[in-house]
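Dropping query-v1.tsv in here (TSV, C-alpha atoms):
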chain	number	residue	atom	x	y	z
L	217	MET	CA	1.08	31.65	32.02
L	218	HIS	CA	2.97	33.96	29.66
L	219	THR	CA	6.46	33.12	30.85
L	220	SER	CA	6.16	29.35	30.98
L	221	TYR	CA	9.44	28.98	29.06
L	222	GLU	CA	11.43	31.47	31.12
L	223	GLU	CA	13.90	28.88	32.44
L	224	ASN	CA	14.57	27.62	28.92
L	225	LYS	CA	14.93	31.07	27.39
L	226	ASP	CA	18.67	30.73	26.72
L	227	VAL	CA	18.29	27.25	25.28
L	228	LEU	CA	15.50	28.48	22.98
L	229	LEU	CA	17.49	31.52	21.84
L	230	ALA	CA	20.57	29.37	21.14
L	231	ARG	CA	18.47	27.04	19.01
L	232	LEU	CA	16.85	29.92	17.14
L	233	ARG	CA	20.24	31.49	16.41
L	234	LYS	CA	21.37	28.14	15.03
L	235	MET	CA	18.23	28.07	12.88
L	236	GLU	CA	19.02	31.58	11.60
L	237	GLY	CA	22.42	30.24	10.53
L	238	GLN	CA	20.72	27.29	8.82
L	239	VAL	CA	18.44	29.62	6.81
L	240	ARG	CA	21.46	31.70	5.72
L	241	GLY	CA	23.29	28.51	4.81
L	242	ILE	CA	20.39	27.48	2.56
L	243	GLN	CA	20.43	30.93	0.89
L	244	GLN	CA	24.12	30.42	0.13
L	245	MET	CA	23.43	26.96	-1.30
L	246	ILE	CA	20.83	28.46	-3.64
L	247	GLU	CA	23.28	31.23	-4.65
L	248	ASP	CA	25.91	28.56	-5.37
L	249	GLN	CA	23.34	26.52	-7.31
L	250	ARG	CA	24.01	23.46	-5.20
L	251	TYR	CA	22.31	20.19	-5.97
L	252	CYS	CA	18.60	20.23	-5.12
L	253	VAL	CA	18.74	17.06	-2.97
L	254	GLU	CA	21.40	18.63	-0.71
L	255	VAL	CA	19.28	21.78	-0.34
L	256	LEU	CA	16.24	19.65	0.58
L	257	GLN	CA	18.35	17.87	3.20
L	258	GLN	CA	19.11	21.23	4.84
L	259	ILE	CA	15.46	22.32	4.67
L	260	ASN	CA	14.52	19.06	6.43
L	261	ALA	CA	17.12	19.81	9.12
L	262	LEU	CA	15.68	23.30	9.61
L	263	THR	CA	12.12	21.97	9.87
L	264	ALA	CA	13.22	19.37	12.43
L	265	ALA	CA	14.92	22.12	14.47
L	266	ALA	CA	11.73	24.23	14.38
L	267	ARG	CA	9.74	21.18	15.51
L	268	GLU	CA	12.06	20.69	18.50
L	269	VAL	CA	11.61	24.33	19.55
L	270	ALA	CA	7.81	23.85	19.34
L	271	ILE	CA	8.05	20.68	21.44
L	272	LEU	CA	10.17	22.46	24.07
L	273	LEU	CA	7.67	25.35	24.28
L	274	THR	CA	4.75	22.91	24.54
L	275	GLU	CA	6.43	20.86	27.25
L	276	ASP	CA	7.27	23.97	29.28
L	277	HIS	CA	3.70	25.16	28.98
L	278	VAL	CA	2.10	21.87	30.03
L	279	ARG	CA	4.55	21.65	32.93
L	280	GLU	CA	3.53	25.16	33.99
L	281	CYS	CA	-0.17	24.25	33.74
L	282	ILE	CA	0.31	21.23	36.03
L	283	THR	CA	2.38	23.24	38.54
L	284	SER	CA	-0.17	26.08	38.57
L	285	ALA	CA	-3.11	23.69	39.04
L	286	VAL	CA	-1.36	22.05	42.01
L	287	SER	CA	-0.55	25.53	43.44
L	288	GLY	CA	-4.25	26.38	43.57
L	289	GLU	CA	-5.06	27.83	40.15
L	290	ASP	CA	-8.44	26.76	38.78
L	291	GLN	CA	-7.97	23.17	37.57
L	292	GLU	CA	-10.34	23.35	34.59
L	293	ALA	CA	-8.77	26.65	33.45
L	294	MET	CA	-5.32	25.01	33.54
L	295	ILE	CA	-6.60	22.01	31.58
L	296	GLN	CA	-8.06	24.36	28.93
L	297	GLU	CA	-4.79	26.32	28.83
L	298	ALA	CA	-2.80	23.11	28.25
L	299	MET	CA	-5.25	22.03	25.51
L	300	LYS	CA	-4.89	25.39	23.72
L	301	VAL	CA	-1.15	24.89	23.39
L	302	LEU	CA	-1.46	21.22	22.45
L	303	ARG	CA	-3.88	22.01	19.63
L	304	LYS	CA	-1.62	24.76	18.29
L	305	THR	CA	1.33	22.36	18.17
L	306	LEU	CA	-0.58	19.29	16.96
L	307	ARG	CA	-2.64	20.94	14.21
L	308	PRO	CA	-0.05	23.20	12.59
S	27	MET	CA	-3.05	6.46	34.20
S	28	HIS	CA	-3.99	3.58	31.91
S	29	THR	CA	-7.63	4.50	31.44
S	30	SER	CA	-7.25	8.21	30.80
S	31	TYR	CA	-9.50	7.97	27.73
S	32	GLU	CA	-12.24	5.91	29.40
S	33	GLU	CA	-14.91	8.61	29.04
S	34	ASN	CA	-14.11	9.03	25.34
S	35	LYS	CA	-14.02	5.29	24.63
S	36	ASP	CA	-17.19	5.29	22.51
S	37	VAL	CA	-16.12	8.39	20.58
S	38	LEU	CA	-12.73	6.81	19.87
S	39	LEU	CA	-14.26	3.50	18.77
S	40	ALA	CA	-16.73	5.27	16.48
S	41	ARG	CA	-13.86	7.17	14.84
S	42	LEU	CA	-11.79	4.02	14.45
S	43	ARG	CA	-14.71	2.18	12.84
S	44	LYS	CA	-15.07	5.07	10.41
S	45	MET	CA	-11.32	4.81	9.69
S	46	GLU	CA	-11.72	1.08	9.03
S	47	GLY	CA	-14.40	1.97	6.46
S	48	GLN	CA	-12.03	4.52	4.92
S	49	VAL	CA	-9.26	1.92	4.51
S	50	ARG	CA	-11.72	-0.50	2.87
S	51	GLY	CA	-12.90	2.32	0.61
S	52	ILE	CA	-9.34	2.97	-0.51
S	53	GLN	CA	-8.88	-0.75	-1.24
S	54	GLN	CA	-11.97	-0.62	-3.47
S	55	MET	CA	-10.62	2.48	-5.26
S	56	ILE	CA	-7.38	0.60	-6.02
S	57	GLU	CA	-9.37	-2.44	-7.23
S	58	ASP	CA	-11.40	-0.12	-9.49
S	59	GLN	CA	-8.20	1.55	-10.70
S	60	ARG	CA	-9.48	4.97	-9.76
S	61	TYR	CA	-7.47	8.08	-10.55
S	62	CYS	CA	-4.39	8.39	-8.35
S	63	VAL	CA	-5.20	11.95	-7.18
S	64	GLU	CA	-8.59	10.80	-5.83
S	65	VAL	CA	-6.93	7.92	-3.98
S	66	LEU	CA	-4.38	10.33	-2.46
S	67	GLN	CA	-7.27	12.56	-1.34
S	68	GLN	CA	-8.75	9.63	0.59
S	69	ILE	CA	-5.36	8.70	2.10
S	70	ASN	CA	-5.02	12.30	3.30
S	71	ALA	CA	-8.49	12.07	4.88
S	72	LEU	CA	-7.51	8.83	6.66
S	73	THR	CA	-4.27	10.35	7.95
S	74	ALA	CA	-6.16	13.41	9.24
S	75	ALA	CA	-8.62	11.11	11.03
S	76	ALA	CA	-5.75	9.18	12.65
S	77	ARG	CA	-4.21	12.49	13.75
S	78	GLU	CA	-7.48	13.54	15.42
S	79	VAL	CA	-7.62	10.26	17.35
S	80	ALA	CA	-4.03	10.84	18.51
S	81	ILE	CA	-4.92	14.39	19.59
S	82	LEU	CA	-7.96	13.15	21.53
S	83	LEU	CA	-5.86	10.51	23.33
S	84	THR	CA	-3.17	13.07	24.12
S	85	GLU	CA	-5.66	15.61	25.44
S	86	ASP	CA	-7.36	13.00	27.64
S	87	HIS	CA	-4.00	11.95	29.02
S	88	VAL	CA	-2.77	15.46	29.82
S	89	ARG	CA	-6.16	16.22	31.42
S	90	GLU	CA	-5.78	13.09	33.57
S	91	CYS	CA	-2.23	14.08	34.56
S	92	ILE	CA	-3.41	17.52	35.74
S	93	THR	CA	-6.37	16.04	37.64
S	94	SER	CA	-4.17	13.41	39.29
S	95	ALA	CA	-1.53	15.97	40.29
S	96	VAL	CA	-4.21	18.16	41.91
S	97	SER	CA	-5.66	15.08	43.66
S	98	GLY	CA	-2.36	14.43	45.39
S	99	GLU	CA	-0.36	12.28	42.98
S	100	ASP	CA	3.34	13.17	42.80
S	101	GLN	CA	3.54	16.36	40.73
S	102	GLU	CA	6.86	15.62	39.01
S	103	ALA	CA	5.70	12.07	38.14
S	104	MET	CA	2.56	13.53	36.53
S	105	ILE	CA	4.64	16.06	34.57
S	106	GLN	CA	6.89	13.24	33.30
S	107	GLU	CA	3.83	11.17	32.40
S	108	ALA	CA	2.37	14.07	30.39
S	109	MET	CA	5.73	14.59	28.65
S	110	LYS	CA	5.92	10.91	27.68
S	111	VAL	CA	2.62	11.16	25.82
S	112	LEU	CA	3.46	14.52	24.24
S	113	ARG	CA	6.73	13.21	22.86
S	114	LYS	CA	5.02	10.14	21.39
S	115	THR	CA	2.48	12.34	19.63
S	116	LEU	CA	4.85	15.11	18.58
S	117	ARG	CA	7.72	12.98	17.26
S	118	PRO	CA	5.83	10.30	15.35
O	174	MET	CA	-2.98	8.45	-16.61
O	175	HIS	CA	-5.63	6.75	-14.49
O	176	THR	CA	-3.89	3.40	-14.10
O	177	SER	CA	-0.39	4.61	-13.30
O	178	TYR	CA	-0.19	2.21	-10.32
O	179	GLU	CA	-1.47	-0.84	-12.19
O	180	GLU	CA	1.77	-2.82	-11.81
O	181	ASN	CA	1.84	-2.13	-8.07
O	182	LYS	CA	-1.84	-2.96	-7.53
O	183	ASP	CA	-1.16	-6.14	-5.56
O	184	VAL	CA	1.51	-4.48	-3.42
O	185	LEU	CA	-0.86	-1.59	-2.67
O	186	LEU	CA	-3.76	-3.91	-1.80
O	187	ALA	CA	-1.53	-6.01	0.49
O	188	ARG	CA	-0.43	-2.86	2.32
O	189	LEU	CA	-4.00	-1.60	2.64
O	190	ARG	CA	-5.16	-4.94	4.03
O	191	LYS	CA	-2.37	-4.75	6.60
O	192	MET	CA	-3.53	-1.23	7.46
O	193	GLU	CA	-7.09	-2.51	7.90
O	194	GLY	CA	-5.70	-5.01	10.41
O	195	GLN	CA	-3.83	-2.20	12.17
O	196	VAL	CA	-7.03	-0.15	12.55
O	197	ARG	CA	-8.86	-3.17	13.99
O	198	GLY	CA	-5.93	-3.79	16.33
O	199	ILE	CA	-6.20	-0.22	17.63
O	200	GLN	CA	-9.96	-0.70	18.19
O	201	GLN	CA	-9.19	-3.77	20.30
O	202	MET	CA	-6.57	-1.83	22.27
O	203	ILE	CA	-9.19	0.83	23.08
O	204	GLU	CA	-11.71	-1.88	24.08
O	205	ASP	CA	-9.07	-3.42	26.35
O	206	GLN	CA	-8.27	0.04	27.77
O	207	ARG	CA	-4.60	-0.37	26.94
O	208	TYR	CA	-2.09	2.27	27.97
O	209	CYS	CA	-2.43	5.45	25.90
O	210	VAL	CA	1.27	5.56	24.88
O	211	GLU	CA	1.00	2.06	23.35
O	212	VAL	CA	-2.10	3.09	21.41
O	213	LEU	CA	-0.31	6.22	20.12
O	214	GLN	CA	2.58	3.99	19.00
O	215	GLN	CA	0.16	1.97	16.87
O	216	ILE	CA	-1.49	5.11	15.45
O	217	ASN	CA	1.97	6.35	14.43
O	218	ALA	CA	2.63	3.00	12.71
O	219	LEU	CA	-0.67	3.27	10.82
O	220	THR	CA	0.09	6.85	9.73
O	221	ALA	CA	3.55	5.81	8.52
O	222	ALA	CA	1.98	2.97	6.52
O	223	ALA	CA	-0.51	5.39	4.92
O	224	ARG	CA	2.38	7.71	4.05
O	225	GLU	CA	4.26	4.88	2.31
O	226	VAL	CA	1.17	4.05	0.20
O	227	ALA	CA	0.94	7.74	-0.78
O	228	ILE	CA	4.64	7.77	-1.71
O	229	LEU	CA	4.22	4.62	-3.83
O	230	LEU	CA	1.24	6.12	-5.68
O	231	THR	CA	3.12	9.38	-6.23
O	232	GLU	CA	6.22	7.62	-7.53
O	233	ASP	CA	4.18	5.48	-9.92
O	234	HIS	CA	2.41	8.56	-11.21
O	235	VAL	CA	5.57	10.61	-11.79
O	236	ARG	CA	7.17	7.59	-13.49
O	237	GLU	CA	4.13	7.32	-15.76
O	238	CYS	CA	4.30	11.04	-16.56
O	239	ILE	CA	7.95	10.77	-17.61
O	240	THR	CA	7.29	7.65	-19.70
O	241	SER	CA	4.26	9.26	-21.39
O	242	ALA	CA	6.17	12.46	-22.16
O	243	VAL	CA	8.98	10.46	-23.78
O	244	SER	CA	6.40	8.42	-25.72
O	245	GLY	CA	5.07	11.58	-27.32
O	246	GLU	CA	2.40	12.89	-24.97
O	247	ASP	CA	2.40	16.67	-24.59
O	248	GLN	CA	5.36	17.51	-22.38
O	249	GLU	CA	3.79	20.47	-20.56
O	250	ALA	CA	0.59	18.46	-19.91
O	251	MET	CA	2.69	15.69	-18.37
O	252	ILE	CA	4.58	18.19	-16.20
O	253	GLN	CA	1.26	19.66	-14.97
O	254	GLU	CA	-0.07	16.15	-14.31
O	255	ALA	CA	3.03	15.31	-12.22
O	256	MET	CA	2.69	18.60	-10.30
O	257	LYS	CA	-0.98	17.89	-9.50
O	258	VAL	CA	-0.03	14.65	-7.79
O	259	LEU	CA	2.97	16.16	-6.02
O	260	ARG	CA	0.88	18.95	-4.55
O	261	LYS	CA	-1.78	16.52	-3.33
O	262	THR	CA	0.87	14.44	-1.54
O	263	LEU	CA	2.99	17.34	-0.27
O	264	ARG	CA	0.19	19.57	1.04
O	265	PRO	CA	-2.06	17.03	2.76
Z	276	MET	CA	20.48	18.25	-13.05
Z	277	HIS	CA	22.18	20.52	-10.51
Z	278	THR	CA	20.58	23.77	-11.62
Z	279	SER	CA	16.99	22.59	-11.94
Z	280	TYR	CA	15.78	25.59	-9.88
Z	281	GLU	CA	17.82	28.20	-11.76
Z	282	GLU	CA	14.77	30.07	-13.11
Z	283	ASN	CA	13.24	30.24	-9.64
Z	284	LYS	CA	16.47	31.33	-7.93
Z	285	ASP	CA	15.22	34.85	-7.14
Z	286	VAL	CA	11.87	33.58	-5.88
Z	287	LEU	CA	13.63	31.05	-3.64
Z	288	LEU	CA	16.07	33.64	-2.28
Z	289	ALA	CA	13.23	36.10	-1.56
Z	290	ARG	CA	11.37	33.41	0.37
Z	291	LEU	CA	14.48	32.41	2.32
Z	292	ARG	CA	15.17	36.02	3.26
Z	293	LYS	CA	11.59	36.27	4.51
Z	294	MET	CA	12.18	33.09	6.53
Z	295	GLU	CA	15.35	34.61	8.01
Z	296	GLY	CA	13.22	37.55	9.16
Z	297	GLN	CA	10.69	35.12	10.65
Z	298	VAL	CA	13.40	33.35	12.68
Z	299	ARG	CA	14.67	36.70	13.98
Z	300	GLY	CA	11.09	37.70	14.82
Z	301	ILE	CA	10.68	34.52	16.88
Z	302	GLN	CA	13.95	35.28	18.71
Z	303	GLN	CA	12.56	38.71	19.61
Z	304	MET	CA	9.30	37.15	20.82
Z	305	ILE	CA	11.28	34.85	23.14
Z	306	GLU	CA	13.36	37.84	24.38
Z	307	ASP	CA	10.12	39.72	25.06
Z	308	GLN	CA	8.66	36.65	26.80
Z	309	ARG	CA	5.62	36.70	24.57
Z	310	TYR	CA	2.79	34.26	25.12
Z	311	CYS	CA	3.76	30.72	24.11
Z	312	VAL	CA	0.73	30.20	21.81
Z	313	GLU	CA	1.72	33.26	19.75
Z	314	VAL	CA	5.29	31.96	19.45
Z	315	LEU	CA	3.98	28.57	18.31
Z	316	GLN	CA	1.85	30.33	15.69
Z	317	GLN	CA	4.99	31.94	14.24
Z	318	ILE	CA	6.92	28.64	14.33
Z	319	ASN	CA	4.06	27.04	12.37
Z	320	ALA	CA	4.27	29.88	9.82
Z	321	LEU	CA	8.02	29.34	9.45
Z	322	THR	CA	7.59	25.58	9.00
Z	323	ALA	CA	4.90	26.17	6.34
Z	324	ALA	CA	7.26	28.57	4.52
Z	325	ALA	CA	10.06	25.96	4.60
Z	326	ARG	CA	7.60	23.37	3.23
Z	327	GLU	CA	6.70	25.66	0.32
Z	328	VAL	CA	10.38	26.13	-0.57
Z	329	ALA	CA	10.81	22.33	-0.53
Z	330	ILE	CA	7.76	21.92	-2.77
Z	331	LEU	CA	9.10	24.53	-5.22
Z	332	LEU	CA	12.49	22.79	-5.40
Z	333	THR	CA	10.83	19.40	-5.88
Z	334	GLU	CA	8.55	20.68	-8.63
Z	335	ASP	CA	11.45	22.32	-10.47
Z	336	HIS	CA	13.43	19.12	-10.26
Z	337	VAL	CA	10.65	16.85	-11.52
Z	338	ARG	CA	9.96	19.34	-14.33
Z	339	GLU	CA	13.66	19.22	-15.25
Z	340	CYS	CA	13.64	15.40	-15.19
Z	341	ILE	CA	10.68	15.27	-17.60
Z	342	THR	CA	12.23	17.87	-19.92
Z	343	SER	CA	15.60	16.07	-19.92
Z	344	ALA	CA	13.99	12.70	-20.61
Z	345	VAL	CA	12.09	14.15	-23.58
Z	346	SER	CA	15.32	15.81	-24.80
Z	347	GLY	CA	17.02	12.45	-25.05
Z	348	GLU	CA	18.51	11.82	-21.60
Z	349	ASP	CA	18.21	8.23	-20.43
Z	350	GLN	CA	14.57	7.77	-19.38
Z	351	GLU	CA	15.20	5.37	-16.50
Z	352	ALA	CA	18.00	7.61	-15.14
Z	353	MET	CA	15.60	10.58	-15.17
Z	354	ILE	CA	12.91	8.52	-13.39
Z	355	GLN	CA	15.43	7.53	-10.70
Z	356	GLU	CA	16.55	11.15	-10.38
Z	357	ALA	CA	12.94	12.30	-9.86
Z	358	MET	CA	12.39	9.53	-7.29
Z	359	LYS	CA	15.50	10.57	-5.34
Z	360	VAL	CA	14.10	14.07	-4.88
Z	361	LEU	CA	10.58	12.86	-4.11
Z	362	ARG	CA	11.82	10.56	-1.37
Z	363	LYS	CA	13.89	13.33	0.21
Z	364	THR	CA	10.86	15.62	0.32
Z	365	LEU	CA	8.29	12.99	1.29
Z	366	ARG	CA	10.24	11.25	4.05
Z	367	PRO	CA	11.77	14.22	5.87

Spell out the structure here as C-alpha cells.
Amino acid sequence: MHTSYEENKDVLLARLRKMEGQVRGIQQMIEDQRYCVEVLQQINALTAAAREVAILLTEDHVRECITSAVSGEDQEAMIQEAMKVLRKTLRP
Amino acid sequence: MHTSYEENKDVLLARLRKMEGQVRGIQQMIEDQRYCVEVLQQINALTAAAREVAILLTEDHVRECITSAVSGEDQEAMIQEAMKVLRKTLRP
Amino acid sequence: MHTSYEENKDVLLARLRKMEGQVRGIQQMIEDQRYCVEVLQQINALTAAAREVAILLTEDHVRECITSAVSGEDQEAMIQEAMKVLRKTLRP
Amino acid sequence: MHTSYEENKDVLLARLRKMEGQVRGIQQMIEDQRYCVEVLQQINALTAAAREVAILLTEDHVRECITSAVSGEDQEAMIQEAMKVLRKTLRP
C-alpha cells in the first residue's frame, strides 16, 4: 500500500513546492511588517493548500484499497487500511 | 449505496439524541447568562460530536464501497462513490 | 465579564433553536435511511451554525474587554481575558 | 496597527523557518514514496504550526487594539479592527 500516490507524485511535489514558496512569502511579509490581516490571509491560503494535499493522498489511498480488494487482497484488511487513512485525515 | 450506515443506525441516532441534549444545554446556559468561556467549551464539545457522526457515516460508506466493488459492482463507480463522500466530509 | 453577550441573547437563542431543529432533522434523515452524502451536507450546515455562534460569543467578549479596559478596568487583565476566549475558540 | 506583532517578529520568523523545513521534509517523504499515513501525520503537524502562527498574530493584534483604545484611540474603531482580525482567523 506504500506507493498509493505514485501516479500523483509529480502533482504532489508541484503543490508542495508552491507551499514552500508560500511559507517563504509569509516570512518576507513578517520581515516587511505587513498588515496582520494580509499575513493571516496568506496563512489561510497555505492551510487550504495543505488540506488539498491531504485530500489527494487520502483519495489515492482509498482508491488503492478498493483496487487491491477487487484484485484479491483480503477485503477486511483493505477496509481497515482505508479507515486508518481516513481517521488520520479526519481527526487531525 | 443509500443504506451504507444501516448497521450503525442505532448508534447514530443515540449520538444525535445526545447532540440534541447538548444544544438544549447550551440554550439554557445562554438563558442563565453563564460565562462565555464555559459556553464555548460546550459548543466545542457539540462540534466534536458532529464530527464523529460525520466520520462514522464516511467510514460506513467507504466500507460499503469496498464490499460492493468486491461483490462485483463496477470498480470505478465504487471509487467515485467513495470519493464523493470523502470530499463532502473533507471540504465542509 | 460574565454577561458579555447579553445584548445578543435573543439572536443567540434563535440560532440555537434553529440548530436544535437541524439536529432533529438529521435524526429523521437517519430514520428514513437517506443518502449518506445528504446527511453529511446537513451535518456540515450544523457545524457551520455552531461555528457562527462561537464567533458571535467571541466577538461580544472581545468587544466587552475593550470597553472595560477603556472604562478603567485593569488593561492587562482585560487583555488576558480576551486571550482566554480567543484560545478557547481557536484551539477547539 | 500594522506592526502589532513587532515584538514577536523573531518568534514568528523562527516558527516560519521551521515550517519551511517541514514542507521540505514532506517533499522528501513523497520523493522517497513513504507510507501515506506518515505523510499525513507530517501535513497535520504543518497545519497545526500554521494555526499557532495565526493565533499568535491574532493575539498580538487584539492586544494592540486594547492598548490603543486605552491610549485614546477611538474605541469603536479599535473594536472593529479587532473584529476584522478575528473574522479572518475564525472563518478561514

#### Entry: Sel. within 12 Å of pt (6.6, 10.4, 29.2), counting all atoms listed in the file, output as a PyMOL selection string
(chain L and resi 275) or (chain S and resi 27+84+87-88+91+102-116) or (chain O and resi 208-211)

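Put simply, CA of Gln291 (chain L) is 10.4 Å away from CA of Ser97 (chain S).
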
### Query
Given the choices Z:Thr322, Z:Asp335, Z:Gln317, Z:Ile301, which gets closest to Leu228 (chain L) if the distance is worked out from all atoms listed in the file?
Z:Ile301

### Which of O:Gln200, O:Leu219, O:Arg224, O:Pro265 sits closest to chain L [using only C-alpha atoms]
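Ranked by minimum distance to chain L, first place goes to O:Pro265.
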
### Query
What is the CA of Ile341 (chain Z)-CA of Val243 (chain O) distance in Å, reported with one decimal?
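Value for the CA of Ile341 (chain Z)-CA of Val243 (chain O) distance: 8.0 Å.
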